[in-house]
Amino acid sequence: MAYVINQELCSCCHRCRVECPKDAVRFKDSKYYIDPDKCVECGHCALVCHNNVISLPGSEEKPALHEPKEMTCDVLVAGAGASGLAAAAKAAEAGLKVLVIEKNKEIGGSAWYAHCFRNLYSVWHKEAGMPDERDAKYDEFMEKTEGRVDGKVLSRIFDANVDFVNWLIEKHDLGKDYKFDRLFWGGFGPMAKYEWDYNKKRIDTAIGPGGTGWFLCNKLLGIFEENGGQILYNTALEDVEFGENGEVKGAMAKDAGGKIHITCSQCVLAAGSFSRNKKLTNEFNPIFYKEGTEPVHVFTCSTCTGDGIEIARKHDVDIDFENARVAMFGPMRHPFGTASLNAGRSHSGFEVNYKGDVFENKGFGEMISPLANDDKRYLWKILDEATIIEEMERSKGKPEDVPGCNMDRFFDDWRADFEREEAWGATVKADTLEELADKLNIPREKFLAAVDKYNETCGVEVEEMTPFGLMKWPPKKEMKDGSGPFYALKEKLFHENAIGGIVIDGGMHALSGGKPVKGLYACGDNTRGIMVPGKVGVAYVESVISALTFAFSSGYAVGEECVKNAHA
């Protein structure tokens, strides 16, 4: 019997496909699937699956049950992603007894896939003669967000961002694996230079282990364990206990074998995103999970079920459902490989839905793409071969945003990728426009009218305002029979992570009725933090403090608070 993938929970990070020794992993219905005729039951796919969604049916072992356990610590951290590990490592280094519980089989959470980490300032900036612009950036941030962000929280995150990087540089030899350079996503800061063999095998740099999120999570785990920290895997937080005066006094957790009671005076909710909890996600964004539509492609982990938020609001902790980001980006070629992903980004070509209606509103920088209102939520990007060849050439020679990950080999051999994706139903190819219309089940007359409409826009240089500034595009070339073959690339809505929820103060405490709850902290994606909704929350906030940046910075700030309050 072959291994199987839970397609609903698969994030398509590509690792199982890349590492399968028998090439048994393919796409089916836009998600990974294991071909039972090729699978030899080696189990390597399940071993490397960070999401823990690959299994061999019938091989499940019954867990060994145990009596309720009792444990004691100074600080309990729920979640071993970027924010939880930063908090845990900082607190453990200061001599506190820290226990981390993690639902997954390994650390990292959704940070395992991420790589956009920004650094506002550091000793490396100072050595390079660069000014500290935190004050100016603070003023700009408050203006751009119209004062909707708690200034004390923002200031604390800015300072923690700098302190976190300096801590790694000065105490934990960050310079061994990072250098100071211009970053792929803008600005200056730590640029990775480490080597990891997997990065040489990658088929896409948009998602997957190997980036800064993966590296720093592993580094923080090392710091944590070197300082006596303990982590329990496959263990979930069930509840937090409070004393007579509303202070944290303990928690209940559960593993496969039974209950675990933990006595502690400080608890950190670092449970990450909530986008795998359908009910909770729809409370923040009522149209996210909509029956009868193409599902949004979700990059977050299968364990991102909003546990921190659910437990917090059970105890009347303040939850902000407005200032959050539950994005539905697109249209985009995710989750397919890098060649067709880049082709889908081409300014040339046009997009139609399954009925042949032209889609013109791309919604650049919007948290919720206009595609979310389409009745099926997917499009076909129509391109001819000449345009694809031009896009492949334009894509080559770009800086690597992940060390050792050169994608040029896929741009040189793009036809092989397209052939695979055609066999999987993700790409449709035809020699003529009429044939392409037939294969897409779109009336020929309507499809050819869309082609004519597109051709009217060709031949002139285009200027367009995007979240990245004013972009100038070269003239598009007409699409007509004779310029084929033609391709239709399926594009979908995609979602990186859900950010929002628990309201915190500048001391990183969770708030109840606007007042801090003694001993209860929150950090990372399950907090309201510095997020605002809509275009500003995506196009501006993310460009200053990305989700990964906020996770590490807020977690480090929580670690500082745990140390301070433990010795108060």
# chains A, B, ... in the order shown; residues from 1 in each chain; ligands from 1

$ select_by_dssp --residues "range 164-330 of chain A" --states "strand (DSSP E)" --output "PyMOL selection string"
chain A and resi 178-182+188-192+230-232+236-242+248-255+258-263+266-269+297-298+319-326+329-330

$ write_last_selection --atoms "C-alpha atoms" --output "PDB file, in the first residue's frame"
ATOM      1  CA  TYR A 178      25.415  35.717   7.714  1.00  0.00           C
ATOM      2  CA  LYS A 179      27.010  38.808   6.214  1.00  0.00           C
ATOM      3  CA  PHE A 180      25.858  42.415   6.083  1.00  0.00           C
ATOM      4  CA  ASP A 181      24.564  43.223   2.613  1.00  0.00           C
ATOM      5  CA  ARG A 182      21.716  44.596   0.555  1.00  0.00           C
ATOM      6  CA  PHE A 188      20.286  46.290   4.276  1.00  0.00           C
ATOM      7  CA  GLY A 189      20.712  43.675   6.961  1.00  0.00           C
ATOM      8  CA  PRO A 190      21.886  40.110   7.634  1.00  0.00           C
ATOM      9  CA  MET A 191      22.180  38.186   4.344  1.00  0.00           C
ATOM     10  CA  ALA A 192      22.475  34.407   4.649  1.00  0.00           C
ATOM     11  CA  GLN A 230      13.128  21.387  27.468  1.00  0.00           C
ATOM     12  CA  ILE A 231      10.725  20.910  24.553  1.00  0.00           C
ATOM     13  CA  LEU A 232       7.808  18.478  24.307  1.00  0.00           C
ATOM     14  CA  ALA A 236      -0.852  20.816  22.636  1.00  0.00           C
ATOM     15  CA  LEU A 237      -1.850  23.504  25.118  1.00  0.00           C
ATOM     16  CA  GLU A 238      -5.413  22.918  26.339  1.00  0.00           C
ATOM     17  CA  ASP A 239      -5.923  25.682  28.874  1.00  0.00           C
ATOM     18  CA  VAL A 240      -4.263  28.237  31.145  1.00  0.00           C
ATOM     19  CA  GLU A 241      -4.978  28.335  34.882  1.00  0.00           C
ATOM     20  CA  PHE A 242      -5.276  31.523  36.915  1.00  0.00           C
ATOM     21  CA  VAL A 248      -1.113  32.839  35.759  1.00  0.00           C
ATOM     22  CA  LYS A 249      -0.501  29.838  38.002  1.00  0.00           C
ATOM     23  CA  GLY A 250      -0.342  26.942  35.572  1.00  0.00           C
ATOM     24  CA  ALA A 251      -1.624  25.231  32.435  1.00  0.00           C
ATOM     25  CA  MET A 252      -3.025  21.998  31.084  1.00  0.00           C
ATOM     26  CA  ALA A 253      -1.510  20.298  28.050  1.00  0.00           C
ATOM     27  CA  LYS A 254      -2.114  17.024  26.276  1.00  0.00           C
ATOM     28  CA  ASP A 255      -0.019  14.601  24.250  1.00  0.00           C
ATOM     29  CA  GLY A 258      -2.773  11.746  28.153  1.00  0.00           C
ATOM     30  CA  LYS A 259      -2.896  14.939  30.205  1.00  0.00           C
ATOM     31  CA  ILE A 260       0.019  17.012  31.483  1.00  0.00           C
ATOM     32  CA  HIS A 261      -0.427  19.563  34.271  1.00  0.00           C
ATOM     33  CA  ILE A 262       2.206  22.292  34.306  1.00  0.00           C
ATOM     34  CA  THR A 263       2.802  24.640  37.219  1.00  0.00           C
ATOM     35  CA  GLN A 266       4.477  32.899  33.269  1.00  0.00           C
ATOM     36  CA  CYS A 267       2.854  31.571  30.080  1.00  0.00           C
ATOM     37  CA  VAL A 268       3.599  32.663  26.532  1.00  0.00           C
ATOM     38  CA  LEU A 269       0.981  32.204  23.789  1.00  0.00           C
ATOM     39  CA  HIS A 297      -4.087  27.763  -1.427  1.00  0.00           C
ATOM     40  CA  VAL A 298      -2.874  27.935   2.185  1.00  0.00           C
ATOM     41  CA  ILE A 319      -9.370  39.828  20.817  1.00  0.00           C
ATOM     42  CA  ASP A 320      -9.277  42.322  17.928  1.00  0.00           C
ATOM     43  CA  PHE A 321     -11.140  40.936  14.915  1.00  0.00           C
ATOM     44  CA  GLU A 322     -10.733  44.091  12.817  1.00  0.00           C
ATOM     45  CA  ASN A 323      -7.010  44.862  12.866  1.00  0.00           C
ATOM     46  CA  ALA A 324      -5.844  41.605  11.375  1.00  0.00           C
ATOM     47  CA  ARG A 325      -4.609  40.184   8.097  1.00  0.00           C
ATOM     48  CA  VAL A 326      -6.294  37.153   6.612  1.00  0.00           C
ATOM     49  CA  PHE A 329      -3.689  37.220  -2.619  1.00  0.00           C
ATOM     50  CA  GLY A 330      -3.783  36.543  -6.314  1.00  0.00           C
TER      51      GLY A 330
END

$ residues_around --residues "Ala92 in chain A" --least-positions-apart "4" --cutoff "9 Å" --atoms "only C-alpha atoms" --output "PyMOL selection string"
chain A and resi 75+87-88+96-98+223-229+559+563

$ write_last_selection --atoms "N, CA and C atoms" --output "PDB file, in the first residue's frame"
ATOM      1  N   VAL A  75       8.721  29.411  33.070  1.00  0.00           N
ATOM      2  CA  VAL A  75       8.056  29.954  31.888  1.00  0.00           C
ATOM      3  C   VAL A  75       7.588  28.806  31.003  1.00  0.00           C
ATOM      4  N   ALA A  87      11.450  33.765  22.322  1.00  0.00           N
ATOM      5  CA  ALA A  87      11.132  33.998  23.736  1.00  0.00           C
ATOM      6  C   ALA A  87      11.819  32.969  24.621  1.00  0.00           C
ATOM      7  N   ALA A  88      11.745  31.711  24.233  1.00  0.00           N
ATOM      8  CA  ALA A  88      12.290  30.629  25.043  1.00  0.00           C
ATOM      9  C   ALA A  88      13.810  30.719  25.157  1.00  0.00           C
ATOM     10  N   LEU A  96      16.328  31.091  33.504  1.00  0.00           N
ATOM     11  CA  LEU A  96      14.993  30.636  33.868  1.00  0.00           C
ATOM     12  C   LEU A  96      14.770  29.200  33.388  1.00  0.00           C
ATOM     13  N   LYS A  97      13.937  28.481  34.136  1.00  0.00           N
ATOM     14  CA  LYS A  97      13.555  27.137  33.724  1.00  0.00           C
ATOM     15  C   LYS A  97      12.392  27.268  32.741  1.00  0.00           C
ATOM     16  N   VAL A  98      12.649  26.918  31.483  1.00  0.00           N
ATOM     17  CA  VAL A  98      11.681  27.153  30.414  1.00  0.00           C
ATOM     18  C   VAL A  98      11.263  25.828  29.785  1.00  0.00           C
ATOM     19  N   ILE A 223      20.430  27.451  21.056  1.00  0.00           N
ATOM     20  CA  ILE A 223      20.652  28.316  22.222  1.00  0.00           C
ATOM     21  C   ILE A 223      19.786  27.860  23.391  1.00  0.00           C
ATOM     22  N   PHE A 224      18.526  27.566  23.091  1.00  0.00           N
ATOM     23  CA  PHE A 224      17.573  27.132  24.113  1.00  0.00           C
ATOM     24  C   PHE A 224      18.037  25.848  24.793  1.00  0.00           C
ATOM     25  N   GLU A 225      18.404  24.845  24.014  1.00  0.00           N
ATOM     26  CA  GLU A 225      18.787  23.552  24.588  1.00  0.00           C
ATOM     27  C   GLU A 225      20.142  23.635  25.300  1.00  0.00           C
ATOM     28  N   GLU A 226      21.048  24.467  24.805  1.00  0.00           N
ATOM     29  CA  GLU A 226      22.340  24.647  25.473  1.00  0.00           C
ATOM     30  C   GLU A 226      22.174  25.227  26.876  1.00  0.00           C
ATOM     31  N   ASN A 227      21.066  25.949  27.071  1.00  0.00           N
ATOM     32  CA  ASN A 227      20.815  26.578  28.361  1.00  0.00           C
ATOM     33  C   ASN A 227      19.775  25.831  29.192  1.00  0.00           C
ATOM     34  N   GLY A 228      19.624  24.548  28.903  1.00  0.00           N
ATOM     35  CA  GLY A 228      18.805  23.681  29.743  1.00  0.00           C
ATOM     36  C   GLY A 228      17.326  23.665  29.436  1.00  0.00           C
ATOM     37  N   GLY A 229      16.926  24.267  28.322  1.00  0.00           N
ATOM     38  CA  GLY A 229      15.517  24.283  27.965  1.00  0.00           C
ATOM     39  C   GLY A 229      15.013  22.907  27.561  1.00  0.00           C
ATOM     40  N   GLY A 559      10.654  37.365  25.708  1.00  0.00           N
ATOM     41  CA  GLY A 559      11.725  36.754  26.499  1.00  0.00           C
ATOM     42  C   GLY A 559      12.335  37.744  27.475  1.00  0.00           C
ATOM     43  N   VAL A 563      12.171  37.539  31.731  1.00  0.00           N
ATOM     44  CA  VAL A 563      13.364  37.652  32.580  1.00  0.00           C
ATOM     45  C   VAL A 563      13.172  38.774  33.596  1.00  0.00           C
TER      46      VAL A 563
END

$ residues_around --residues "Asn6 in chain A" --least-positions-apart "4" --cutoff "8 Å" --atoms "only C-alpha atoms" --output "list of chain:residue names"
A:Cys10, A:Val53, A:Ile54

$ closest_atom_pairs --of "range 370-413 of chain A" --to "range 426-450 of chain A" --cutoff "10 Å" --atoms "only C-alpha atoms" --output "CSV"
residue,atom,partner,partner_atom,distance
A:Trp380,CA,A:Leu440,CA,8.7
A:Lys381,CA,A:Thr427,CA,9.5
A:Ile382,CA,A:Leu436,CA,9.3
A:Leu383,CA,A:Lys429,CA,9.8
A:Asp384,CA,A:Lys429,CA,9.5
A:Glu385,CA,A:Lys429,CA,9.9

$ write_last_selection --atoms "C-alpha atoms" --output "PDB file, in the first residue's frame"
ATOM      1  CA  TRP A 380      -6.374  30.819 -16.762  1.00  0.00           C
ATOM      2  CA  LYS A 381      -3.363  32.952 -17.700  1.00  0.00           C
ATOM      3  CA  ILE A 382      -3.093  32.892 -21.522  1.00  0.00           C
ATOM      4  CA  LEU A 383       0.394  33.191 -23.032  1.00  0.00           C
ATOM      5  CA  ASP A 384       2.107  32.325 -26.264  1.00  0.00           C
ATOM      6  CA  GLU A 385       5.462  30.584 -26.446  1.00  0.00           C
TER       7      GLU A 385
END

$ residues_around --residues "range 301-316 of chain A" --least-positions-apart "5" --cutoff "7 Å" --atoms "only C-alpha atoms" --output "list in words"
Leu9, Ser11, Asn51, Lys103, Asn104, Gly109, Ser110, Asp239, Leu269, Ala270, Ala271, Gly272, Ser273, Phe274, Ser275, Arg276, Asn277, Gly501, Ile502, Ser512 and Asn526 of chain A

$ write_last_selection --atoms "N, CA and C atoms" --output "short mmCIF file (atom, residue, chain, number, x, y, z; two decimals), in the first residue's frame"
data_model
loop_
_atom_site.label_atom_id
_atom_site.label_comp_id
_atom_site.auth_asym_id
_atom_site.auth_seq_id
_atom_site.Cartn_x
_atom_site.Cartn_y
_atom_site.Cartn_z
N LEU A 9 -4.62 19.56 3.90
CA LEU A 9 -3.68 20.19 4.83
C LEU A 9 -2.29 20.38 4.24
N SER A 11 0.65 22.02 2.34
CA SER A 11 0.99 23.40 1.96
C SER A 11 1.78 23.45 0.65
N ASN A 51 4.78 19.39 7.60
CA ASN A 51 3.37 19.50 7.96
C ASN A 51 2.83 18.27 8.67
N LYS A 103 2.80 21.38 19.09
CA LYS A 103 1.85 20.41 18.55
C LYS A 103 2.45 19.53 17.47
N ASN A 104 3.39 20.09 16.72
CA ASN A 104 3.97 19.37 15.59
C ASN A 104 5.07 18.42 16.06
N GLY A 109 7.09 25.77 12.87
CA GLY A 109 5.81 26.29 12.45
C GLY A 109 5.86 26.80 11.01
N SER A 110 5.11 27.86 10.73
CA SER A 110 5.10 28.42 9.39
C SER A 110 6.38 29.19 9.07
N ASP A 239 -5.34 24.59 28.10
CA ASP A 239 -5.92 25.68 28.87
C ASP A 239 -4.84 26.31 29.74
N LEU A 269 1.79 32.73 24.89
CA LEU A 269 0.98 32.20 23.79
C LEU A 269 1.67 32.57 22.48
N ALA A 270 2.29 31.58 21.87
CA ALA A 270 3.03 31.78 20.62
C ALA A 270 2.60 30.71 19.63
N ALA A 271 1.29 30.52 19.54
CA ALA A 271 0.74 29.38 18.79
C ALA A 271 0.63 29.62 17.29
N GLY A 272 1.04 30.80 16.82
CA GLY A 272 1.12 31.02 15.38
C GLY A 272 -0.20 31.37 14.72
N SER A 273 -0.22 31.17 13.43
CA SER A 273 -1.36 31.53 12.59
C SER A 273 -2.59 30.70 12.95
N PHE A 274 -3.74 31.12 12.41
CA PHE A 274 -4.98 30.39 12.71
C PHE A 274 -5.72 29.96 11.45
N SER A 275 -5.06 30.01 10.29
CA SER A 275 -5.77 29.81 9.04
C SER A 275 -6.22 28.37 8.77
N ARG A 276 -5.80 27.40 9.59
CA ARG A 276 -6.31 26.03 9.44
C ARG A 276 -7.54 25.77 10.30
N ASN A 277 -7.98 26.81 11.02
CA ASN A 277 -9.22 26.73 11.79
C ASN A 277 -10.28 27.46 10.98
N GLY A 501 -5.45 38.90 16.38
CA GLY A 501 -6.09 38.24 17.50
C GLY A 501 -5.84 38.90 18.82
N ILE A 502 -4.96 38.33 19.64
CA ILE A 502 -4.77 38.74 21.03
C ILE A 502 -4.19 40.16 21.09
N SER A 512 -6.86 42.14 29.12
CA SER A 512 -8.26 41.81 29.36
C SER A 512 -8.94 43.06 29.86
N ASN A 526 -0.37 35.11 16.39
CA ASN A 526 -1.65 35.06 17.09
C ASN A 526 -1.96 36.33 17.90
#

$ select_by_dssp --residues "range 373-438 of chain A" --states "helix (DSSP H, G or I)" --output "count of residues only"
33

$ residues_around --residues "Pro475 in chain A" --least-positions-apart "2" --cutoff "10 Å" --atoms "only C-alpha atoms" --output "list in words"
His347, Ser348, Thr457, Cys458, Gly459, Val460, Glu461, Val462, Lys472, Trp473, Lys477 and Glu478 of chain A

$ closest_atom_pairs --of "range 377-480 of chain A" --to "range 202-216 of chain A" --cutoff "8 Å" --atoms "only C-alpha atoms" --output "tab-separated table"
residue	atom	partner	partner_atom	distance
A:Asp401	CA	A:Thr205	CA	7.4
A:Val402	CA	A:Gly211	CA	5.5
A:Pro403	CA	A:Gly211	CA	7.7
A:Cys405	CA	A:Arg202	CA	6.7
A:Met407	CA	A:Ile203	CA	7.2
A:Phe410	CA	A:Ile203	CA	7.7

$ closest_residue --among "A:Val153, A:Met71, A:Cys42, A:Leu379" --to "Lys22 in chain A" --atoms "only C-alpha atoms"
A:Cys42

$ decode --residues "range 404-415 of chain A" --atoms "all heavy atoms" --output "short mmCIF file (atom, residue, chain, number, x, y, z; two decimals), in the first residue's frame"
data_model
loop_
_atom_site.label_atom_id
_atom_site.label_comp_id
_atom_site.auth_asym_id
_atom_site.auth_seq_id
_atom_site.Cartn_x
_atom_site.Cartn_y
_atom_site.Cartn_z
N GLY A 404 22.57 29.14 -2.14
CA GLY A 404 22.78 27.94 -2.94
C GLY A 404 21.61 27.56 -3.81
O GLY A 404 21.58 26.46 -4.37
N CYS A 405 20.64 28.44 -3.95
CA CYS A 405 19.41 28.11 -4.68
C CYS A 405 19.34 28.91 -5.98
O CYS A 405 18.74 29.98 -6.03
CB CYS A 405 18.20 28.39 -3.79
SG CYS A 405 16.64 27.85 -4.49
N ASN A 406 19.95 28.38 -7.02
CA ASN A 406 19.96 29.03 -8.33
C ASN A 406 18.86 28.41 -9.20
O ASN A 406 18.91 27.23 -9.52
CB ASN A 406 21.34 28.86 -8.99
CG ASN A 406 21.47 29.68 -10.25
OD1 ASN A 406 20.50 29.91 -10.97
ND2 ASN A 406 22.69 30.12 -10.54
N MET A 407 17.89 29.24 -9.57
CA MET A 407 16.74 28.75 -10.33
C MET A 407 16.95 28.75 -11.85
O MET A 407 16.08 28.31 -12.59
CB MET A 407 15.51 29.59 -10.01
CG MET A 407 15.02 29.48 -8.59
SD MET A 407 14.21 27.86 -8.24
CE MET A 407 15.52 27.02 -7.38
N ASP A 408 18.10 29.23 -12.32
CA ASP A 408 18.30 29.36 -13.76
C ASP A 408 18.16 28.04 -14.51
O ASP A 408 17.76 28.01 -15.68
CB ASP A 408 19.68 29.96 -14.05
CG ASP A 408 19.74 31.45 -13.75
OD1 ASP A 408 18.72 31.99 -13.28
OD2 ASP A 408 20.79 32.07 -13.99
N ARG A 409 18.45 26.93 -13.83
CA ARG A 409 18.34 25.63 -14.50
C ARG A 409 16.91 25.35 -14.93
O ARG A 409 16.68 24.66 -15.94
CB ARG A 409 18.88 24.52 -13.59
CG ARG A 409 18.06 24.28 -12.33
CD ARG A 409 18.84 23.34 -11.38
NE ARG A 409 18.06 22.89 -10.24
CZ ARG A 409 17.87 23.59 -9.13
NH1 ARG A 409 18.37 24.80 -9.04
NH2 ARG A 409 17.18 23.08 -8.13
N PHE A 410 15.94 25.87 -14.19
CA PHE A 410 14.54 25.66 -14.56
C PHE A 410 14.11 26.60 -15.68
O PHE A 410 13.30 26.24 -16.52
CB PHE A 410 13.64 25.84 -13.34
CG PHE A 410 13.86 24.81 -12.28
CD1 PHE A 410 14.50 25.15 -11.10
CD2 PHE A 410 13.48 23.50 -12.49
CE1 PHE A 410 14.73 24.18 -10.13
CE2 PHE A 410 13.71 22.53 -11.53
CZ PHE A 410 14.34 22.87 -10.34
N PHE A 411 14.67 27.79 -15.71
CA PHE A 411 14.36 28.72 -16.79
C PHE A 411 14.95 28.22 -18.11
O PHE A 411 14.38 28.43 -19.18
CB PHE A 411 14.87 30.12 -16.47
CG PHE A 411 14.35 30.66 -15.17
CD1 PHE A 411 15.17 31.33 -14.28
CD2 PHE A 411 13.02 30.50 -14.82
CE1 PHE A 411 14.69 31.83 -13.09
CE2 PHE A 411 12.52 30.99 -13.62
CZ PHE A 411 13.37 31.65 -12.76
N ASP A 412 16.10 27.53 -18.03
CA ASP A 412 16.72 26.98 -19.23
C ASP A 412 15.96 25.76 -19.75
O ASP A 412 15.97 25.48 -20.96
CB ASP A 412 18.17 26.56 -18.93
CG ASP A 412 19.10 27.76 -18.80
OD1 ASP A 412 18.83 28.79 -19.46
OD2 ASP A 412 20.08 27.69 -18.04
N ASP A 413 15.32 25.03 -18.86
CA ASP A 413 14.63 23.79 -19.24
C ASP A 413 13.15 23.88 -18.92
O ASP A 413 12.53 22.92 -18.45
CB ASP A 413 15.29 22.62 -18.49
CG ASP A 413 14.90 21.26 -19.06
OD1 ASP A 413 14.56 21.20 -20.27
OD2 ASP A 413 14.92 20.28 -18.31
N TRP A 414 12.54 25.03 -19.21
CA TRP A 414 11.16 25.27 -18.79
C TRP A 414 10.16 24.32 -19.45
O TRP A 414 9.13 23.98 -18.88
CB TRP A 414 10.77 26.73 -19.06
CG TRP A 414 10.74 27.13 -20.51
CD1 TRP A 414 11.77 27.65 -21.24
CD2 TRP A 414 9.61 27.05 -21.39
NE1 TRP A 414 11.36 27.90 -22.52
CE2 TRP A 414 10.05 27.55 -22.64
CE3 TRP A 414 8.30 26.62 -21.26
CZ2 TRP A 414 9.19 27.62 -23.75
CZ3 TRP A 414 7.45 26.69 -22.35
CH2 TRP A 414 7.89 27.18 -23.58
N ARG A 415 10.47 23.89 -20.67
CA ARG A 415 9.52 23.02 -21.37
C ARG A 415 9.27 21.71 -20.62
O ARG A 415 8.16 21.17 -20.63
CB ARG A 415 10.00 22.74 -22.79
CG ARG A 415 9.85 23.92 -23.74
CD ARG A 415 10.30 23.57 -25.15
NE ARG A 415 10.07 24.66 -26.07
CZ ARG A 415 10.88 25.70 -26.23
NH1 ARG A 415 12.01 25.76 -25.50
NH2 ARG A 415 10.60 26.67 -27.08
#
